[in-house]
Structure formats: C-alpha cells, structure tokens
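**Q** run.pdb is the file, holding PDB, C-alpha atoms:
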ATOM      1  CA  MET A   1     -74.117 -35.876  34.342  1.00  0.00           C
ATOM      2  CA  VAL A   2     -74.171 -33.252  37.102  1.00  0.00           C
ATOM      3  CA  ILE A   3     -72.548 -34.377  40.326  1.00  0.00           C
ATOM      4  CA  LYS A   4     -74.174 -32.705  43.339  1.00  0.00           C
ATOM      5  CA  MET A   5     -72.635 -32.280  46.759  1.00  0.00           C
ATOM      6  CA  LYS A   6     -74.430 -31.007  49.849  1.00  0.00           C
ATOM      7  CA  ALA A   7     -72.168 -30.417  52.821  1.00  0.00           C
ATOM      8  CA  ILE A   8     -72.460 -28.918  56.264  1.00  0.00           C
ATOM      9  CA  ILE A   9     -69.461 -27.245  57.852  1.00  0.00           C
ATOM     10  CA  ALA A  10     -68.902 -26.731  61.566  1.00  0.00           C
ATOM     11  CA  SER A  11     -68.508 -22.956  61.372  1.00  0.00           C
ATOM     12  CA  LYS A  12     -70.306 -19.706  60.626  1.00  0.00           C
ATOM     13  CA  ASN A  13     -66.939 -18.169  59.646  1.00  0.00           C
ATOM     14  CA  GLN A  14     -67.354 -17.009  56.050  1.00  0.00           C
ATOM     15  CA  GLY A  15     -63.691 -17.716  55.270  1.00  0.00           C
ATOM     16  CA  LYS A  16     -64.006 -21.376  56.294  1.00  0.00           C
ATOM     17  CA  ILE A  17     -67.290 -21.743  54.405  1.00  0.00           C
ATOM     18  CA  GLU A  18     -65.740 -20.209  51.278  1.00  0.00           C
ATOM     19  CA  SER A  19     -62.685 -22.503  51.599  1.00  0.00           C
ATOM     20  CA  ALA A  20     -64.913 -25.567  51.714  1.00  0.00           C
ATOM     21  CA  LYS A  21     -66.987 -24.357  48.737  1.00  0.00           C
ATOM     22  CA  GLN A  22     -63.919 -23.657  46.617  1.00  0.00           C
ATOM     23  CA  ALA A  23     -62.431 -27.074  47.376  1.00  0.00           C
ATOM     24  CA  LEU A  24     -65.675 -28.930  46.665  1.00  0.00           C
ATOM     25  CA  LYS A  25     -66.273 -27.002  43.415  1.00  0.00           C
ATOM     26  CA  MET A  26     -63.013 -28.406  42.092  1.00  0.00           C
ATOM     27  CA  TYR A  27     -64.573 -31.901  42.088  1.00  0.00           C
ATOM     28  CA  PHE A  28     -68.358 -31.486  42.085  1.00  0.00           C
ATOM     29  CA  ASP A  29     -70.628 -29.591  39.681  1.00  0.00           C
ATOM     30  CA  ASP A  30     -73.369 -28.413  42.030  1.00  0.00           C
ATOM     31  CA  VAL A  31     -72.190 -27.523  45.539  1.00  0.00           C
ATOM     32  CA  GLU A  32     -74.156 -26.395  48.578  1.00  0.00           C
ATOM     33  CA  VAL A  33     -72.390 -25.702  51.882  1.00  0.00           C
ATOM     34  CA  ILE A  34     -74.329 -24.906  55.063  1.00  0.00           C
ATOM     35  CA  GLY A  35     -72.450 -23.265  57.938  1.00  0.00           C
ATOM     36  CA  VAL A  36     -73.376 -24.101  61.533  1.00  0.00           C
ATOM     37  CA  ALA A  37     -71.483 -23.028  64.653  1.00  0.00           C
ATOM     38  CA  VAL A  38     -70.687 -25.950  66.960  1.00  0.00           C
ATOM     39  CA  ASN A  39     -68.148 -26.411  69.736  1.00  0.00           C
ATOM     40  CA  SER A  40     -64.775 -28.081  69.367  1.00  0.00           C
ATOM     41  CA  ASP A  41     -64.626 -29.039  73.066  1.00  0.00           C
ATOM     42  CA  VAL A  42     -60.897 -28.198  73.154  1.00  0.00           C
ATOM     43  CA  SER A  43     -58.869 -25.122  74.137  1.00  0.00           C
ATOM     44  CA  GLU A  44     -59.516 -21.794  72.418  1.00  0.00           C
ATOM     45  CA  MET A  45     -56.045 -22.178  70.883  1.00  0.00           C
ATOM     46  CA  PRO A  46     -55.606 -25.918  70.328  1.00  0.00           C
ATOM     47  CA  VAL A  47     -52.085 -27.273  70.827  1.00  0.00           C
ATOM     48  CA  ASN A  48     -50.654 -30.366  69.085  1.00  0.00           C
ATOM     49  CA  ASP A  49     -53.144 -33.290  69.069  1.00  0.00           C
ATOM     50  CA  GLU A  50     -55.918 -31.008  70.335  1.00  0.00           C
ATOM     51  CA  ILE A  51     -56.137 -29.670  66.775  1.00  0.00           C
ATOM     52  CA  TYR A  52     -57.176 -33.091  65.413  1.00  0.00           C
ATOM     53  CA  ILE A  53     -59.384 -33.790  68.420  1.00  0.00           C
ATOM     54  CA  GLY A  54     -61.123 -30.429  68.012  1.00  0.00           C
ATOM     55  CA  ALA A  55     -61.739 -31.028  64.300  1.00  0.00           C
ATOM     56  CA  LYS A  56     -63.207 -34.483  65.020  1.00  0.00           C
ATOM     57  CA  ASN A  57     -65.294 -33.165  67.942  1.00  0.00           C
ATOM     58  CA  ARG A  58     -66.777 -30.518  65.660  1.00  0.00           C
ATOM     59  CA  ILE A  59     -67.855 -33.303  63.258  1.00  0.00           C
ATOM     60  CA  LYS A  60     -69.449 -35.226  66.127  1.00  0.00           C
ATOM     61  CA  ASN A  61     -71.310 -32.111  67.308  1.00  0.00           C
ATOM     62  CA  LEU A  62     -72.262 -31.220  63.739  1.00  0.00           C
ATOM     63  CA  LYS A  63     -73.745 -34.671  63.119  1.00  0.00           C
ATOM     64  CA  LYS A  64     -75.773 -34.330  66.323  1.00  0.00           C
ATOM     65  CA  TYR A  65     -77.028 -30.904  65.186  1.00  0.00           C
ATOM     66  CA  ALA A  66     -77.941 -32.242  61.731  1.00  0.00           C
ATOM     67  CA  LYS A  67     -79.835 -35.174  63.208  1.00  0.00           C
ATOM     68  CA  GLU A  68     -81.751 -32.959  65.664  1.00  0.00           C
ATOM     69  CA  ASN A  69     -82.681 -30.583  62.830  1.00  0.00           C
ATOM     70  CA  ASN A  70     -83.446 -33.205  60.157  1.00  0.00           C
ATOM     71  CA  ILE A  71     -80.658 -31.993  57.868  1.00  0.00           C
ATOM     72  CA  GLU A  72     -79.398 -34.583  55.391  1.00  0.00           C
ATOM     73  CA  VAL A  73     -76.049 -34.022  53.707  1.00  0.00           C
ATOM     74  CA  ASP A  74     -73.404 -35.925  51.782  1.00  0.00           C
ATOM     75  CA  MET A  75     -70.472 -34.644  53.861  1.00  0.00           C
ATOM     76  CA  TYR A  76     -69.749 -33.195  57.277  1.00  0.00           C
ATOM     77  CA  MET A  77     -66.777 -30.821  57.356  1.00  0.00           C
ATOM     78  CA  SER A  78     -64.760 -28.969  59.979  1.00  0.00           C
ATOM     79  CA  ALA A  79     -61.622 -26.853  60.132  1.00  0.00           C
ATOM     80  CA  GLU A  80     -59.533 -26.311  63.247  1.00  0.00           C
ATOM     81  CA  SER A  81     -56.557 -23.995  63.450  1.00  0.00           C
ATOM     82  CA  GLY A  82     -53.915 -24.512  66.104  1.00  0.00           C
ATOM     83  CA  ILE A  83     -50.273 -24.474  67.052  1.00  0.00           C
ATOM     84  CA  ASN A  84     -47.921 -27.458  66.838  1.00  0.00           C
ATOM     85  CA  LYS A  85     -44.561 -28.080  68.453  1.00  0.00           C
ATOM     86  CA  LEU A  86     -42.485 -29.584  65.679  1.00  0.00           C
ATOM     87  CA  TYR A  87     -38.917 -30.784  65.517  1.00  0.00           C
ATOM     88  CA  LEU A  88     -37.724 -27.400  64.271  1.00  0.00           C
ATOM     89  CA  GLY A  89     -40.017 -25.251  66.450  1.00  0.00           C
ATOM     90  CA  TRP A  90     -43.587 -24.002  66.650  1.00  0.00           C
ATOM     91  CA  ALA A  91     -45.939 -23.693  63.665  1.00  0.00           C
ATOM     92  CA  ILE A  92     -49.571 -22.736  63.015  1.00  0.00           C
ATOM     93  CA  ASN A  93     -51.683 -24.867  60.689  1.00  0.00           C
ATOM     94  CA  ASN A  94     -55.237 -25.560  59.611  1.00  0.00           C
ATOM     95  CA  THR A  95     -56.420 -29.115  60.018  1.00  0.00           C
ATOM     96  CA  VAL A  96     -59.695 -30.220  58.504  1.00  0.00           C
ATOM     97  CA  CYS A  97     -61.812 -33.275  59.070  1.00  0.00           C
ATOM     98  CA  ILE A  98     -64.347 -34.586  56.588  1.00  0.00           C
ATOM     99  CA  GLU A  99     -66.775 -37.409  57.228  1.00  0.00           C
ATOM    100  CA  ASP A 100     -69.174 -38.749  54.625  1.00  0.00           C
ATOM    101  CA  LYS A 101     -72.724 -39.854  55.377  1.00  0.00           C
ATOM    102  CA  ILE A 102     -71.663 -43.486  55.854  1.00  0.00           C
ATOM    103  CA  GLY A 103     -68.920 -42.687  58.379  1.00  0.00           C
ATOM    104  CA  ASN A 104     -65.693 -42.634  56.340  1.00  0.00           C
ATOM    105  CA  THR A 105     -63.391 -40.013  57.852  1.00  0.00           C
ATOM    106  CA  SER A 106     -60.410 -38.187  56.410  1.00  0.00           C
ATOM    107  CA  TYR A 107     -58.075 -35.460  57.660  1.00  0.00           C
ATOM    108  CA  GLY A 108     -56.127 -32.893  55.700  1.00  0.00           C
ATOM    109  CA  ILE A 109     -53.559 -30.340  56.749  1.00  0.00           C
ATOM    110  CA  GLY A 110     -52.897 -27.087  54.959  1.00  0.00           C
ATOM    111  CA  PRO A 111     -49.618 -25.236  54.732  1.00  0.00           C
ATOM    112  CA  GLN A 112     -48.171 -24.221  58.051  1.00  0.00           C
ATOM    113  CA  PHE A 113     -46.140 -21.215  59.003  1.00  0.00           C
ATOM    114  CA  PRO A 114     -43.431 -20.879  61.638  1.00  0.00           C
ATOM    115  CA  VAL A 115     -44.047 -19.102  64.927  1.00  0.00           C
ATOM    116  CA  PRO A 116     -41.128 -17.438  66.709  1.00  0.00           C
ATOM    117  CA  GLU A 117     -40.339 -19.245  69.958  1.00  0.00           C
ATOM    118  CA  GLN A 118     -40.639 -16.033  71.976  1.00  0.00           C
ATOM    119  CA  ILE A 119     -44.322 -15.534  71.049  1.00  0.00           C
ATOM    120  CA  ALA A 120     -45.532 -19.165  70.985  1.00  0.00           C
ATOM    121  CA  LYS A 121     -46.483 -19.077  74.694  1.00  0.00           C
ATOM    122  CA  ASP A 122     -48.501 -15.867  74.186  1.00  0.00           C
ATOM    123  CA  ILE A 123     -50.402 -17.532  71.335  1.00  0.00           C
ATOM    124  CA  ILE A 124     -51.104 -20.640  73.440  1.00  0.00           C
ATOM    125  CA  ASP A 125     -52.220 -18.544  76.427  1.00  0.00           C
ATOM    126  CA  THR A 126     -54.547 -16.313  74.352  1.00  0.00           C
ATOM    127  CA  ASP A 127     -54.870 -16.921  70.606  1.00  0.00           C
ATOM    128  CA  LEU A 128     -53.164 -15.989  67.358  1.00  0.00           C
ATOM    129  CA  SER A 129     -55.507 -13.097  66.607  1.00  0.00           C
ATOM    130  CA  ARG A 130     -54.783 -11.297  69.875  1.00  0.00           C
ATOM    131  CA  VAL A 131     -51.038 -11.736  69.449  1.00  0.00           C
ATOM    132  CA  MET A 132     -51.228 -10.489  65.839  1.00  0.00           C
ATOM    133  CA  ASN A 133     -53.185  -7.428  67.046  1.00  0.00           C
ATOM    134  CA  LYS A 134     -50.517  -6.757  69.661  1.00  0.00           C
ATOM    135  CA  ILE A 135     -47.656  -7.039  67.172  1.00  0.00           C
ATOM    136  CA  PHE A 136     -49.195  -5.558  64.017  1.00  0.00           C
ATOM    137  CA  GLY A 137     -52.229  -3.610  65.248  1.00  0.00           C
ATOM    138  CA  GLU A 138     -55.926  -4.173  64.607  1.00  0.00           C
ATOM    139  CA  ASP A 139     -56.783  -5.234  61.051  1.00  0.00           C
ATOM    140  CA  LYS A 140     -60.425  -5.788  60.055  1.00  0.00           C
ATOM    141  CA  GLU A 141     -59.542  -7.572  56.793  1.00  0.00           C
ATOM    142  CA  ARG A 142     -57.467 -10.127  58.680  1.00  0.00           C
ATOM    143  CA  HIS A 143     -60.431 -10.886  60.917  1.00  0.00           C
ATOM    144  CA  ASN A 144     -62.875 -11.140  58.006  1.00  0.00           C
ATOM    145  CA  HIS A 145     -61.136 -13.569  55.651  1.00  0.00           C
ATOM    146  CA  GLY A 146     -57.409 -13.087  55.262  1.00  0.00           C
ATOM    147  CA  GLY A 147     -56.166 -14.364  58.596  1.00  0.00           C
ATOM    148  CA  GLY A 148     -52.762 -13.729  60.089  1.00  0.00           C
ATOM    149  CA  ILE A 149     -51.088 -15.476  57.171  1.00  0.00           C
ATOM    150  CA  GLN A 150     -52.355 -12.812  54.776  1.00  0.00           C
ATOM    151  CA  MET A 151     -50.573 -10.185  56.825  1.00  0.00           C
ATOM    152  CA  LEU A 152     -47.418 -12.287  57.201  1.00  0.00           C
ATOM    153  CA  THR A 153     -47.241 -12.948  53.432  1.00  0.00           C
ATOM    154  CA  HIS A 154     -47.892  -9.293  52.570  1.00  0.00           C
ATOM    155  CA  GLY A 155     -51.242 -10.115  50.978  1.00  0.00           C
ATOM    156  CA  LYS A 156     -50.010 -12.978  48.775  1.00  0.00           C
ATOM    157  CA  PHE A 157     -51.692 -15.874  50.622  1.00  0.00           C
ATOM    158  CA  SER A 158     -54.837 -15.964  52.782  1.00  0.00           C
ATOM    159  CA  ARG A 159     -56.486 -18.156  55.391  1.00  0.00           C
ATOM    160  CA  ILE A 160     -58.977 -19.124  52.660  1.00  0.00           C
ATOM    161  CA  ASP A 161     -56.093 -20.365  50.486  1.00  0.00           C
ATOM    162  CA  SER A 162     -54.578 -22.362  53.346  1.00  0.00           C
ATOM    163  CA  THR A 163     -57.841 -23.904  54.515  1.00  0.00           C
ATOM    164  CA  LYS A 164     -58.900 -24.708  50.945  1.00  0.00           C
ATOM    165  CA  MET A 165     -55.662 -26.690  50.529  1.00  0.00           C
ATOM    166  CA  ALA A 166     -56.382 -28.612  53.726  1.00  0.00           C
ATOM    167  CA  PHE A 167     -59.881 -29.463  52.445  1.00  0.00           C
ATOM    168  CA  ILE A 168     -58.431 -30.651  49.132  1.00  0.00           C
ATOM    169  CA  MET A 169     -55.977 -32.916  50.975  1.00  0.00           C
ATOM    170  CA  ALA A 170     -58.808 -34.450  53.024  1.00  0.00           C
ATOM    171  CA  LEU A 171     -60.950 -34.885  49.911  1.00  0.00           C
ATOM    172  CA  THR A 172     -58.350 -37.199  48.324  1.00  0.00           C
ATOM    173  CA  LYS A 173     -59.873 -40.103  50.237  1.00  0.00           C
ATOM    174  CA  PHE A 174     -63.305 -39.382  48.758  1.00  0.00           C
ATOM    175  CA  ILE A 175     -62.552 -38.371  45.170  1.00  0.00           C
ATOM    176  CA  ASN A 176     -60.549 -41.486  44.322  1.00  0.00           C
ATOM    177  CA  GLY A 177     -63.176 -44.090  45.098  1.00  0.00           C
ATOM    178  CA  ASP A 178     -62.094 -47.398  46.557  1.00  0.00           C
ATOM    179  CA  ARG A 179     -58.566 -47.043  45.164  1.00  0.00           C
ATOM    180  CA  TRP A 180     -57.544 -44.753  48.059  1.00  0.00           C
ATOM    181  CA  LYS A 181     -59.705 -45.977  50.942  1.00  0.00           C
TER     182      LYS A 181
END
Translate the structure of the given file into structure tokens.

**A**
Amino acid sequence: MVIKMKAIIASKNQGKIESAKQALKMYFDDVEVIGVAVNSDVSEMPVNDEIYIGAKNRIKNLKKYAKENNIEVDMYMSAESGINKLYLGWAINNTVCIEDKIGNTSYGIGPQFPVPEQIAKDIIDTDLSRVMNKIFGEDKERHNHGGGIQMLTHGKFSRIDSTKMAFIMALTKFINGDRWK
C-alpha cells in the first residue's frame, strides 16, 4: 500500500522545502510539498519565544492562504530560525511547527549552535546572514541552501540537515498514531 502525503510549507526557500521533503520521504511513499511565502508576524530575527510564535503564526497564515486558494493538504508545515538565550549563552536553532488537517499541532527543534556573546546583539539587531557576511564575507552557497552552519562546520553539516532533523522531531507525534498523542 502506497502512503501519500501532500503538505504545504510556509516558505519559498528551497532549502526549507527540501528539508521538509526529505523528512516526509522517510515515512511516506509518495510526497508532495508546496512552498508558499507567508509572514511570521514576528521580528526579522526572532528571539526566544518569538521563534515558536513565528512558526505557529506561519501555520495560521498558511491555513488562511490554503483556504482562500482552495488547496487541500494533509499537513501544514513551517520552519523558523532564531536566537535563544540559554543557561550557557546564546544559540541559533531551527524550530518547526506541523499541523495536520484536523488541527493536531507538533513542534520540533533541530540541532543548535552556540553564538559568541559579543556578536549576539548584532545578530538580534540585524540577522544571522548579515553578521556572517561581515565576519566571513559574502557566500552564495550559504544563501542558497547551506546556511551559516555549513560554513561554521566547514561543509560537514547544512541548514537542510538541521531543518530536516527538526521536521523529523515534530513528525514523531504524527507517525506513531495514538500512542504518542
């Protein structure tokens, strides 16, 4: 039996779309992911709880878009990157939100990487990409798919890898049936 999954993701970013596809293909046979740009209604560089709020807002705006455009899907997906103040200092992470067509919602967080205290304010005031450009110079590959983490890990780990892991974590609520709800 072929298990189909049609999802819509709150982004036109090819890296986020690819992350969602890769995660879904681990659990479903036939996967379609539609990318649509919608607002997060939070800061350009979300801080702390704004990351979760932005991810949830994107789902809300995505559902509105889907309804207005008569798009029916099995899952609504979003990914929001931001900076968190943790016990041991600042860190960047990807947080995703997934909501199924009946309203069950789940969040997942991908790996996070530390941010030096002295540049955290610059990231909050602008965004990670601008700060990375200032420190490391312009890098087209980073902007396309790799993200800052690809540069920081010397090409060993990408934004797609990180976001895919966050999607997998959020999917745990959906792939385990009623046992994990």

**Q** Determine the residue membership of the PyMOL selection byres ((chain A and resi 51-60) around 9) for the file above and supply it as a PyMOL selection string.

**A** chain A and resi 9-11+37-43+45-50+61-65+76-84+93-99+107

**Q** Which centre and edge lengths in Å to one decimal define the box along x, y and z that fits every listed atom of segment 152-161 of chain A plus 8 Å per side, as AutoDock Vina command-line options?

**A**
--center_x -53.1 --center_y -14.8 --center_z 53.0 --size_x 27.7 --size_y 27.1 --size_z 24.4

**Q** Work out how far apart atom CA of Val36 of chain A and atom CA of Phe174 of chain A are and give it in Å to one decimal.

**A** 22.3 Å

**Q** Enter the distance from atom CA of Ser162 of chain A to atom CA of Glu138 of chain A, in Å, rounded to one decimal.

**A**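 Computing the Euclidean distance for atom CA of Ser162 of chain A and atom CA of Glu138 of chain A yields 21.4 Å.
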
**Q** So how many Å separate atom CA of Ile71 of chain A and atom CA of Lys25 of chain A, to one decimal?

**A**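 So the answer is 21.0 Å.
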
**Q** Considering only C-alpha atoms, state which residue in the set A:Ser106, A:Gln150, A:Ile123, A:Gly155 is at the smallest distance from Trp180 of chain A.

**A**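 Smallest distance to Trp180 of chain A is found for A:Ser106.
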
**Q** Check the smallest atom-to-atom distance from each of A:Asp122, A:Asp161, A:Asp178, A:Asp30 to Lys16 of chain A using all atoms listed in the file, then report the winner.

**A**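 Using all atoms listed in the file, Lys16 of chain A sits closest to A:Asp161.
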
**Q** Out of A:Gln112, A:Asn104, A:Asn70, A:Ser19, which residue has the shortest atom-to-atom distance to Lys85 of chain A when counting only C-alpha atoms?

**A**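 Going through A:Gln112, A:Asn104, A:Asn70, A:Ser19 one by one, the smallest distance to Lys85 of chain A is for A:Gln112.
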
**Q** Counting only C-alpha atoms, which of A:Val73, A:Met165, A:Ile102, A:Ile149 gets nearest to Ala23 of chain A?

**A**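 Closest to Ala23 of chain A, using only C-alpha atoms: A:Met165.
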
**Q** Hey, which of A:Leu128, A:Leu171, A:Ala91, A:Phe113 ends up closest to Thr153 of chain A? Count all atoms listed in the file.

**A**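 Of A:Leu128, A:Leu171, A:Ala91, A:Phe113, the one nearest Thr153 of chain A, counting all atoms listed in the file, is A:Phe113.
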
**Q** Using only C-alpha atoms, which of A:Arg130, A:Phe28, A:Ala170, A:Gly146 sits nearest Asp100 of chain A?

**A**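 For Asp100 of chain A, the nearest of the given residues is A:Ala170.
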
**Q** Let me know the residues the PyMOL selection byres ((chain A and resi 132) around 12) catches in the file above, as a list in words.

**A**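 This file, filtered by the PyMOL selection byres ((chain A and resi 132) around 12), leaves Val115, Ile119, Ala120, Asp122, Ile123, Thr126, Asp127, Leu128, Ser129, Arg130, Val131, Asn133, Lys134, Ile135, Phe136, Gly137, Glu138, Asp139, Lys140, Arg142, His143, Gly147, Gly148, Ile149, Gln150, Met151 and Leu152 of chain A.
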